[in-house]
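K.L.:
Supplied structure: entry31.csv, CSV, C-alpha atoms and all ligand atoms.
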chain,number,residue,atom,x,y,z
X,1,MET,CA,55.8,-65.9,-19.3
X,2,GLN,CA,56.2,-62.4,-17.7
X,3,SER,CA,59.4,-60.8,-18.8
X,4,LYS,CA,61.7,-59.7,-15.9
X,5,ARG,CA,62.5,-56.4,-17.5
X,6,PRO,CA,59.7,-53.8,-17.6
X,7,VAL,CA,57.9,-53.6,-20.9
X,8,VAL,CA,57.4,-50.3,-22.8
X,9,LEU,CA,55.2,-49.9,-25.8
X,10,ILE,CA,56.1,-46.9,-28.1
X,11,THR,CA,53.8,-45.9,-30.9
X,12,GLY,CA,55.5,-44.7,-34.0
X,13,GLY,CA,58.8,-46.3,-32.9
X,14,SER,CA,60.1,-47.0,-36.4
X,15,ARG,CA,61.7,-43.6,-37.0
X,16,GLY,CA,62.6,-40.2,-35.4
X,17,ILE,CA,61.8,-39.5,-31.7
X,18,GLY,CA,60.0,-42.9,-31.2
X,19,ALA,CA,63.0,-44.8,-32.5
X,20,ALA,CA,65.4,-42.8,-30.2
X,21,VAL,CA,63.1,-43.6,-27.2
X,22,ALA,CA,63.1,-47.3,-28.1
X,23,GLN,CA,66.8,-47.5,-28.3
X,24,LEU,CA,67.4,-45.6,-25.1
X,25,ALA,CA,64.8,-47.7,-23.3
X,26,ALA,CA,66.5,-50.9,-24.4
X,27,ALA,CA,69.8,-49.6,-23.2
X,28,ARG,CA,68.3,-48.6,-19.8
X,29,GLY,CA,66.8,-52.1,-19.2
X,30,TYR,CA,63.4,-52.2,-20.7
X,31,ASP,CA,62.0,-54.7,-23.2
X,32,VAL,CA,60.5,-52.8,-26.1
X,33,ALA,CA,57.5,-53.0,-28.3
X,34,ILE,CA,57.4,-50.5,-31.1
X,35,THR,CA,54.5,-49.8,-33.5
X,36,TYR,CA,54.7,-48.5,-37.0
X,37,ARG,CA,52.2,-47.7,-39.7
X,38,SER,CA,54.0,-48.7,-43.0
X,39,GLU,CA,57.9,-48.6,-42.6
X,40,ARG,CA,58.6,-52.2,-41.7
X,41,ASP,CA,62.3,-52.0,-42.7
X,42,ALA,CA,62.9,-49.0,-40.5
X,43,ALA,CA,61.1,-50.8,-37.6
X,44,GLU,CA,63.4,-53.8,-38.2
X,45,GLN,CA,66.5,-51.6,-37.9
X,46,VAL,CA,65.3,-50.2,-34.6
X,47,LEU,CA,64.6,-53.8,-33.3
X,48,ALA,CA,68.1,-54.8,-34.2
X,49,ALA,CA,69.5,-51.9,-32.2
X,50,CYS,CA,67.3,-52.7,-29.2
X,51,ARG,CA,68.3,-56.4,-29.3
X,52,ALA,CA,72.0,-55.4,-29.5
X,53,SER,CA,71.4,-53.8,-26.0
X,54,GLY,CA,70.1,-57.0,-24.7
X,55,ALA,CA,66.4,-56.2,-24.9
X,56,ALA,CA,63.6,-58.4,-26.2
X,57,ALA,CA,62.0,-56.3,-28.9
X,58,VAL,CA,59.0,-56.6,-31.2
X,59,ALA,CA,57.4,-54.4,-33.9
X,60,CYS,CA,53.7,-54.4,-34.4
X,61,GLN,CA,52.0,-52.8,-37.5
X,62,GLY,CA,49.0,-50.7,-36.8
X,63,ASP,CA,47.4,-47.3,-37.5
X,64,VAL,CA,46.8,-45.4,-34.2
X,65,ALA,CA,43.9,-43.6,-35.8
X,66,LEU,CA,42.0,-46.9,-35.8
X,67,ASP,CA,40.9,-48.0,-32.3
X,68,ASP,CA,40.7,-51.7,-33.4
X,69,ASP,CA,44.4,-51.5,-34.5
X,70,VAL,CA,45.4,-50.0,-31.2
X,71,VAL,CA,43.8,-52.9,-29.2
X,72,ARG,CA,45.5,-55.4,-31.6
X,73,VAL,CA,49.0,-54.0,-31.2
X,74,PHE,CA,48.7,-54.0,-27.4
X,75,ASP,CA,47.5,-57.7,-27.7
X,76,GLU,CA,50.5,-58.6,-29.9
X,77,ALA,CA,53.0,-56.8,-27.8
X,78,GLU,CA,51.8,-58.4,-24.6
X,79,ALA,CA,51.7,-61.9,-26.2
X,80,ALA,CA,55.3,-61.5,-27.2
X,81,LEU,CA,56.8,-59.6,-24.1
X,82,GLY,CA,54.4,-60.0,-21.2
X,83,LEU,CA,52.4,-57.3,-19.4
X,84,ILE,CA,53.1,-53.7,-20.5
X,85,SER,CA,53.9,-51.2,-17.7
X,86,HIS,CA,55.0,-48.1,-19.8
X,87,VAL,CA,53.4,-46.5,-22.8
X,88,VAL,CA,54.8,-43.7,-25.0
X,89,ASN,CA,52.1,-42.1,-27.0
X,90,ASN,CA,54.4,-40.8,-29.8
X,91,ALA,CA,53.0,-41.4,-33.3
X,92,GLY,CA,52.2,-38.2,-35.0
X,93,ILE,CA,51.9,-36.3,-38.3
X,94,THR,CA,51.5,-32.6,-39.2
X,95,GLY,CA,50.1,-32.6,-42.8
X,96,LYS,CA,51.3,-30.3,-45.5
X,97,SER,CA,51.9,-26.9,-44.1
X,98,SER,CA,49.7,-23.9,-45.2
X,99,ARG,CA,47.5,-21.3,-43.8
X,100,LEU,CA,44.2,-22.7,-42.4
X,101,ALA,CA,42.2,-21.2,-45.3
X,102,GLU,CA,44.2,-23.2,-47.8
X,103,ALA,CA,44.2,-26.5,-45.9
X,104,SER,CA,42.1,-29.4,-47.1
X,105,THR,CA,39.6,-31.2,-45.0
X,106,GLU,CA,41.5,-34.4,-45.6
X,107,THR,CA,44.8,-33.0,-44.2
X,108,ILE,CA,43.1,-31.6,-41.1
X,109,ARG,CA,41.0,-34.7,-40.4
X,110,ALA,CA,44.1,-37.0,-40.8
X,111,CYS,CA,46.1,-35.0,-38.4
X,112,MET,CA,43.3,-34.9,-35.8
X,113,ASP,CA,42.6,-38.6,-36.3
X,114,VAL,CA,46.3,-39.6,-35.7
X,115,ASN,CA,47.4,-37.0,-33.1
X,116,ALA,CA,44.3,-36.3,-31.0
X,117,LEU,CA,42.0,-39.3,-31.4
X,118,GLY,CA,45.0,-41.7,-31.8
X,119,ALA,CA,46.5,-40.5,-28.6
X,120,ILE,CA,43.2,-41.0,-26.9
X,121,TRP,CA,42.8,-44.5,-28.2
X,122,VAL,CA,46.3,-45.4,-27.1
X,123,ALA,CA,45.8,-43.8,-23.7
X,124,ARG,CA,42.5,-45.6,-23.2
X,125,GLU,CA,44.0,-48.9,-23.9
X,126,ALA,CA,47.0,-48.1,-21.6
X,127,ALA,CA,44.5,-47.2,-18.9
X,128,ARG,CA,42.7,-50.5,-19.3
X,129,ARG,CA,45.8,-52.6,-19.2
X,130,LEU,CA,48.0,-50.8,-16.6
X,131,ALA,CA,45.4,-50.0,-14.0
X,132,THR,CA,46.1,-51.9,-10.8
X,133,SER,CA,42.3,-52.3,-10.1
X,134,ARG,CA,42.1,-54.2,-13.4
X,135,GLY,CA,45.0,-56.5,-12.7
X,136,GLY,CA,47.7,-54.4,-14.3
X,137,LEU,CA,51.1,-53.5,-13.1
X,138,GLY,CA,50.6,-49.7,-12.9
X,139,GLY,CA,53.4,-47.7,-14.6
X,140,THR,CA,53.6,-44.6,-16.7
X,141,ILE,CA,52.2,-43.0,-19.8
X,142,VAL,CA,54.2,-40.4,-21.6
X,143,ASN,CA,52.4,-38.4,-24.2
X,144,ILE,CA,54.5,-36.7,-26.9
X,145,SER,CA,53.0,-33.3,-27.4
X,146,SER,CA,54.7,-30.2,-28.9
X,147,VAL,CA,55.5,-26.7,-28.1
X,148,ALA,CA,53.2,-26.0,-31.0
X,149,ALA,CA,50.3,-26.4,-28.6
X,150,SER,CA,51.2,-23.1,-27.0
X,151,LEU,CA,52.9,-21.4,-29.9
X,152,GLY,CA,49.9,-22.1,-32.2
X,153,SER,CA,51.9,-22.7,-35.4
X,154,PRO,CA,50.4,-19.8,-37.4
X,155,ASN,CA,50.9,-19.9,-41.2
X,156,GLU,CA,52.2,-23.5,-40.9
X,157,TYR,CA,49.6,-25.8,-39.4
X,158,VAL,CA,47.3,-24.4,-36.7
X,159,TRP,CA,45.3,-27.7,-36.9
X,160,TYR,CA,48.4,-29.6,-35.7
X,161,ALA,CA,48.9,-27.2,-32.8
X,162,ALA,CA,45.2,-27.7,-31.9
X,163,SER,CA,45.7,-31.5,-32.0
X,164,LYS,CA,48.6,-31.2,-29.5
X,165,GLY,CA,46.4,-28.9,-27.4
X,166,ALA,CA,44.2,-32.0,-27.1
X,167,VAL,CA,47.2,-34.1,-26.0
X,168,ASP,CA,48.0,-31.5,-23.3
X,169,SER,CA,44.4,-31.7,-21.9
X,170,LEU,CA,44.4,-35.4,-22.1
X,171,THR,CA,47.6,-35.5,-20.0
X,172,VAL,CA,46.3,-33.2,-17.3
X,173,GLY,CA,43.0,-35.0,-16.9
X,174,LEU,CA,44.2,-38.6,-17.2
X,175,ALA,CA,47.0,-37.9,-14.7
X,176,LYS,CA,44.3,-37.1,-12.1
X,177,GLU,CA,42.0,-39.9,-13.2
X,178,LEU,CA,44.8,-42.6,-13.0
X,179,ALA,CA,46.7,-41.4,-9.9
X,180,GLY,CA,44.9,-43.9,-7.7
X,181,GLU,CA,45.7,-46.7,-10.2
X,182,GLY,CA,49.4,-46.7,-9.9
X,183,ILE,CA,49.8,-44.9,-13.2
X,184,ARG,CA,51.7,-41.5,-13.7
X,185,VAL,CA,50.8,-39.6,-16.8
X,186,ASN,CA,53.1,-36.9,-18.2
X,187,ALA,CA,54.0,-35.2,-21.4
X,188,VAL,CA,57.1,-34.1,-23.2
X,189,SER,CA,56.8,-31.2,-25.6
X,190,PRO,CA,59.6,-31.2,-28.1
X,191,GLY,CA,60.6,-28.1,-30.0
X,192,MET,CA,62.3,-28.3,-33.4
X,193,THR,CA,63.8,-31.8,-33.6
X,194,LYS,CA,65.9,-33.4,-36.3
X,195,THR,CA,63.6,-36.0,-37.8
X,196,ASP,CA,61.9,-36.8,-41.1
X,197,ILE,CA,58.6,-35.2,-40.0
X,198,HIS,CA,59.5,-31.8,-41.4
X,199,GLU,CA,60.4,-32.8,-44.9
X,200,ARG,CA,57.9,-35.7,-45.2
X,201,SER,CA,54.9,-34.2,-43.6
X,202,THR,CA,55.3,-30.5,-44.6
X,203,GLN,CA,57.1,-31.1,-47.9
X,204,ASP,CA,59.2,-28.2,-46.7
X,205,ALA,CA,62.9,-29.2,-46.8
X,206,GLY,CA,64.3,-25.9,-45.6
X,207,ARG,CA,62.1,-25.5,-42.6
X,208,LEU,CA,64.5,-26.5,-39.8
X,209,GLU,CA,67.3,-24.2,-41.0
X,210,ARG,CA,64.9,-21.3,-41.6
X,211,LEU,CA,63.6,-21.5,-38.0
X,212,ARG,CA,66.9,-22.1,-36.2
X,213,PRO,CA,67.6,-18.4,-35.5
X,214,PHE,CA,64.3,-18.3,-33.4
X,215,ILE,CA,65.6,-21.0,-31.0
X,216,PRO,CA,67.4,-19.5,-28.0
X,217,LEU,CA,70.0,-22.3,-27.9
X,218,ASN,CA,70.5,-21.7,-31.6
X,219,ARG,CA,70.4,-25.3,-32.8
X,220,ILE,CA,67.9,-28.0,-33.7
X,221,GLY,CA,67.3,-30.7,-31.1
X,222,GLU,CA,68.4,-34.3,-31.5
X,223,PRO,CA,65.8,-37.1,-31.1
X,224,GLY,CA,68.0,-38.5,-28.3
X,225,GLU,CA,67.6,-35.3,-26.3
X,226,ILE,CA,63.8,-35.8,-26.3
X,227,ALA,CA,64.3,-39.5,-25.4
X,228,GLU,CA,66.2,-38.5,-22.3
X,229,ALA,CA,63.2,-36.6,-20.9
X,230,VAL,CA,60.9,-39.4,-21.8
X,231,LEU,CA,63.1,-42.0,-20.0
X,232,PHE,CA,63.2,-39.7,-17.0
X,233,LEU,CA,59.4,-39.6,-16.8
X,234,MET,CA,59.2,-43.4,-17.2
X,235,SER,CA,61.7,-43.9,-14.3
X,236,ASP,CA,61.4,-43.8,-10.6
X,237,ALA,CA,63.5,-40.7,-10.6
X,238,SER,CA,60.3,-38.9,-11.4
X,239,SER,CA,58.2,-40.8,-8.9
X,240,TYR,CA,56.4,-37.7,-7.5
X,241,ILE,CA,55.7,-36.2,-11.0
X,242,THR,CA,52.3,-36.6,-12.7
X,243,GLY,CA,50.3,-34.3,-14.9
X,244,ALA,CA,53.5,-32.5,-15.9
X,245,ASN,CA,54.6,-31.3,-19.3
X,246,ILE,CA,58.3,-30.9,-19.9
X,247,PRO,CA,59.3,-28.6,-22.9
X,248,VAL,CA,62.5,-29.9,-24.6
X,249,SER,CA,62.8,-27.1,-27.1
X,250,GLY,CA,66.1,-25.3,-26.7
X,251,GLY,CA,64.2,-22.4,-25.0
X,252,ARG,CA,61.7,-21.8,-27.8
X,301,LIG,P1,58.6,-39.0,-37.7
X,301,LIG,O1,60.1,-39.0,-37.8
X,301,LIG,O2,57.9,-38.6,-38.9
X,301,LIG,O3,58.1,-40.4,-37.2
X,301,LIG,C1,56.8,-40.7,-37.1
X,301,LIG,C2,56.5,-42.0,-36.5
X,301,LIG,O4,55.1,-42.2,-36.3
X,301,LIG,C3,56.9,-43.2,-37.5
X,301,LIG,O5,57.3,-44.3,-36.7
X,301,LIG,C4,55.6,-43.5,-38.2
X,301,LIG,O6,55.5,-44.8,-38.7
X,301,LIG,C5,54.6,-43.3,-37.1
X,301,LIG,N1,53.3,-43.0,-37.5
X,301,LIG,C6,52.8,-41.9,-38.3
X,301,LIG,N2,51.5,-42.0,-38.5
X,301,LIG,C7,51.1,-43.1,-37.8
X,301,LIG,C8,49.8,-43.7,-37.7
X,301,LIG,N3,48.7,-43.2,-38.2
X,301,LIG,N4,49.8,-44.9,-36.9
X,301,LIG,C9,50.9,-45.4,-36.4
X,301,LIG,N5,52.1,-44.9,-36.5
X,301,LIG,C10,52.2,-43.7,-37.2
X,301,LIG,O7,58.1,-38.0,-36.5
X,301,LIG,P2,58.9,-37.4,-35.3
X,301,LIG,O8,59.4,-36.1,-35.6
X,301,LIG,O9,59.7,-38.5,-34.7
X,301,LIG,O10,57.6,-37.2,-34.3
X,301,LIG,C11,57.3,-38.0,-33.2
X,301,LIG,C12,56.3,-37.2,-32.3
X,301,LIG,O11,56.9,-36.0,-31.9
X,301,LIG,C13,55.0,-36.7,-33.1
X,301,LIG,O12,53.9,-36.9,-32.2
X,301,LIG,C14,55.3,-35.3,-33.4
X,301,LIG,O13,54.1,-34.5,-33.5
X,301,LIG,C15,56.1,-34.9,-32.1
X,301,LIG,N6,57.0,-33.7,-32.3
X,301,LIG,C16,58.0,-33.7,-33.2
X,301,LIG,C17,58.7,-32.6,-33.4
X,301,LIG,C18,59.9,-32.5,-34.4
X,301,LIG,O14,60.4,-31.4,-34.6
X,301,LIG,N7,60.3,-33.6,-35.0
X,301,LIG,C19,58.4,-31.4,-32.6
X,301,LIG,C20,57.4,-31.5,-31.7
X,301,LIG,C21,56.7,-32.6,-31.6
X,301,LIG,P3,56.1,-45.2,-40.2
X,301,LIG,O15,57.6,-45.2,-40.0
X,301,LIG,O16,55.6,-46.6,-40.4
X,301,LIG,O17,55.6,-44.2,-41.1
Can you dump the structure from the file as structure tokens?
P.N.:
Amino acid sequence: MQSKRPVVLITGGSRGIGAAVAQLAAARGYDVAITYRSERDAAEQVLAACRASGAAAVACQGDVALDDDVVRVFDEAEAALGLISHVVNNAGITGKSSRLAEASTETIRACMDVNALGAIWVAREAARRLATSRGGLGGTIVNISSVAASLGSPNEYVWYAASKGAVDSLTVGLAKELAGEGIRVNAVSPGMTKTDIHERSTQDAGRLERLRPFIPLNRIGEPGEIAEAVLFLMSDASSYITGANIPVSGGR
């Protein structure tokens, strides 16, 4: 049975920014499907928080780099919650930081597979399911990019910056392509945000504090501050906005 609350699917919702988006969406009246790759326990904690806000919530395991997994998690989410009308394309990795010359093929390929191709698989499945001409409800797609796409991340991970450049182009093109299908497509570009990605992906525990002086607002962002921009782009308050990319970066 179709849920009365709008349904949002958030990739990489088990931790960090995705988890914050899931919890804010639940509090704002959405039912929530999160995906995760391996951290089932973390996903369960996010589900519990969403349910405490009165939302129906499910977690679906899947690797966004695999197009078959992407189709399956959409199937599982819709079977549990009803038709999806909002998709947050959030799952992402950086890979261990280094100059490009020292980076392994494996590191670069994994990042492109998850951030660029994965975002495209998720956006393609969202386009198929949300399009009004295909029987969908219309809705929104919010892609999580990064200010790295314009800064370039020299000496850290230029391949990651390039993968987010792909997300920015995807956002601009798909917004135009889906405008007649009742779907708005926008991006949020976080700056330095307090999540595990820095320590886990880059194996660089001191990165956030080292880069803080280069942030005009002189502090690291909270995941909830990114989530506010995402929820704005999902809501009718942004009804005339498509193809936009909002930096949430403390001015960086
Ligand atoms: P995070 O704390 O490391 O969380 C990453 C999430 O993505 C987890 O839920 C993880 O699942 C999931 N994930 C990773 N690889 C996946 C895959 N192949 N398939 C499915 N799920 C996968 O990261 P975050 O900092 O919240 O980052 C979220 C997004 O914001 C990313 O796109 C990132 O590039 C972007 N961003 C972050 C920052 C920042 O400073 N944090 C800045 C700019 C942009 P598991 O829990 O199962 O591992």
K.L.:
I'd like to know which of X:Val122, X:Ala43, X:Met192, X:Ala161 is closest to ligand LIG 301 (chain X), using only C-alpha atoms and all ligand atoms.
P.N.:
X:Met192
K.L.:
Hey, which residues sit close to ligand LIG 301 (chain X)? Say within 6 Å, counting only C-alpha atoms and all ligand atoms, and write them as a PyMOL selection string.
P.N.:
chain X and resi 11-18+36-39+62-65+90-93+114+144-146+190-197
K.L.:
Output the selection as a PDB file, in the coordinates of the input - C-alpha atoms for each residue.
P.N.:
ATOM      1  CA  THR X  11      53.800 -45.900 -30.900  1.00  0.00           C
ATOM      2  CA  GLY X  12      55.500 -44.700 -34.000  1.00  0.00           C
ATOM      3  CA  GLY X  13      58.800 -46.300 -32.900  1.00  0.00           C
ATOM      4  CA  SER X  14      60.100 -47.000 -36.400  1.00  0.00           C
ATOM      5  CA  ARG X  15      61.700 -43.600 -37.000  1.00  0.00           C
ATOM      6  CA  GLY X  16      62.600 -40.200 -35.400  1.00  0.00           C
ATOM      7  CA  ILE X  17      61.800 -39.500 -31.700  1.00  0.00           C
ATOM      8  CA  GLY X  18      60.000 -42.900 -31.200  1.00  0.00           C
ATOM      9  CA  TYR X  36      54.700 -48.500 -37.000  1.00  0.00           C
ATOM     10  CA  ARG X  37      52.200 -47.700 -39.700  1.00  0.00           C
ATOM     11  CA  SER X  38      54.000 -48.700 -43.000  1.00  0.00           C
ATOM     12  CA  GLU X  39      57.900 -48.600 -42.600  1.00  0.00           C
ATOM     13  CA  GLY X  62      49.000 -50.700 -36.800  1.00  0.00           C
ATOM     14  CA  ASP X  63      47.400 -47.300 -37.500  1.00  0.00           C
ATOM     15  CA  VAL X  64      46.800 -45.400 -34.200  1.00  0.00           C
ATOM     16  CA  ALA X  65      43.900 -43.600 -35.800  1.00  0.00           C
ATOM     17  CA  ASN X  90      54.400 -40.800 -29.800  1.00  0.00           C
ATOM     18  CA  ALA X  91      53.000 -41.400 -33.300  1.00  0.00           C
ATOM     19  CA  GLY X  92      52.200 -38.200 -35.000  1.00  0.00           C
ATOM     20  CA  ILE X  93      51.900 -36.300 -38.300  1.00  0.00           C
ATOM     21  CA  VAL X 114      46.300 -39.600 -35.700  1.00  0.00           C
ATOM     22  CA  ILE X 144      54.500 -36.700 -26.900  1.00  0.00           C
ATOM     23  CA  SER X 145      53.000 -33.300 -27.400  1.00  0.00           C
ATOM     24  CA  SER X 146      54.700 -30.200 -28.900  1.00  0.00           C
ATOM     25  CA  PRO X 190      59.600 -31.200 -28.100  1.00  0.00           C
ATOM     26  CA  GLY X 191      60.600 -28.100 -30.000  1.00  0.00           C
ATOM     27  CA  MET X 192      62.300 -28.300 -33.400  1.00  0.00           C
ATOM     28  CA  THR X 193      63.800 -31.800 -33.600  1.00  0.00           C
ATOM     29  CA  LYS X 194      65.900 -33.400 -36.300  1.00  0.00           C
ATOM     30  CA  THR X 195      63.600 -36.000 -37.800  1.00  0.00           C
ATOM     31  CA  ASP X 196      61.900 -36.800 -41.100  1.00  0.00           C
ATOM     32  CA  ILE X 197      58.600 -35.200 -40.000  1.00  0.00           C
TER      33      ILE X 197
END
K.L.:
Please provide the set of residues having any atom within 7 Å of X:Ala59, restricted to only C-alpha atoms, with same-chain residues fewer than 6 positions apart removed, written as a list of chain:residue names.
P.N.:
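The residues that qualify are X:Ala33, X:Ile34, X:Thr35, X:Ala43.
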K.L.:
Considering only C-alpha atoms, state which residue in the set X:Ala52, X:Ala148, X:Leu66, X:Leu81 is at the smallest distance from X:Ala110.
P.N.:
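Under the stated criterion, the closest residue is X:Leu66.
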K.L.:
Suppose you want the space between atom CA of X:Ala56 and atom CA of X:Val21; what is it in Å?
P.N.:
14.8 Å
K.L.:
So what do you get for atom CA of X:Leu170 versus atom CA of X:Ala103, distance-wise?
P.N.:
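Spanning atom CA of X:Leu170 to atom CA of X:Ala103 is a straight-line distance of 25.4 Å.
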K.L.:
Write out as a list in words each polymer residue whose atoms come within 12 Å of X:Gly135, counting all atoms listed in the file; drop sequence neighbours fewer than 4 positions from it.
P.N.:
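Listed by chain and then number, they are Leu83, Ile84, Ser85, Ala127, Arg128, Arg129, Leu130, Ala131, Glu181 and Gly182 of chain X.
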K.L.:
Generate a file of the selected residues that holds C-alpha atoms, formatted as an mmCIF file, in the frame of the given file.
P.N.:
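Okay, this is what ended up in selection_5.cif:
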data_model
loop_
_atom_site.group_PDB
_atom_site.id
_atom_site.type_symbol
_atom_site.label_atom_id
_atom_site.label_comp_id
_atom_site.auth_asym_id
_atom_site.auth_seq_id
_atom_site.Cartn_x
_atom_site.Cartn_y
_atom_site.Cartn_z
ATOM 1 C CA LEU X 83 52.400 -57.300 -19.400
ATOM 2 C CA ILE X 84 53.100 -53.700 -20.500
ATOM 3 C CA SER X 85 53.900 -51.200 -17.700
ATOM 4 C CA ALA X 127 44.500 -47.200 -18.900
ATOM 5 C CA ARG X 128 42.700 -50.500 -19.300
ATOM 6 C CA ARG X 129 45.800 -52.600 -19.200
ATOM 7 C CA LEU X 130 48.000 -50.800 -16.600
ATOM 8 C CA ALA X 131 45.400 -50.000 -14.000
ATOM 9 C CA GLU X 181 45.700 -46.700 -10.200
ATOM 10 C CA GLY X 182 49.400 -46.700 -9.900
#
K.L.:
Name the closest residue to X:Met112 among the candidates X:Lys164, X:Arg124, X:Arg72, X:Arg99; distances are taken between atoms, counting all atoms listed in the file.
P.N.:
X:Lys164
K.L.:
For a test of reading the model, state the distance in Å between atom CA of X:Tyr30 and atom CA of X:Val8, rounded to one decimal.
P.N.:
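Spanning atom CA of X:Tyr30 to atom CA of X:Val8 is a straight-line distance of 6.6 Å.
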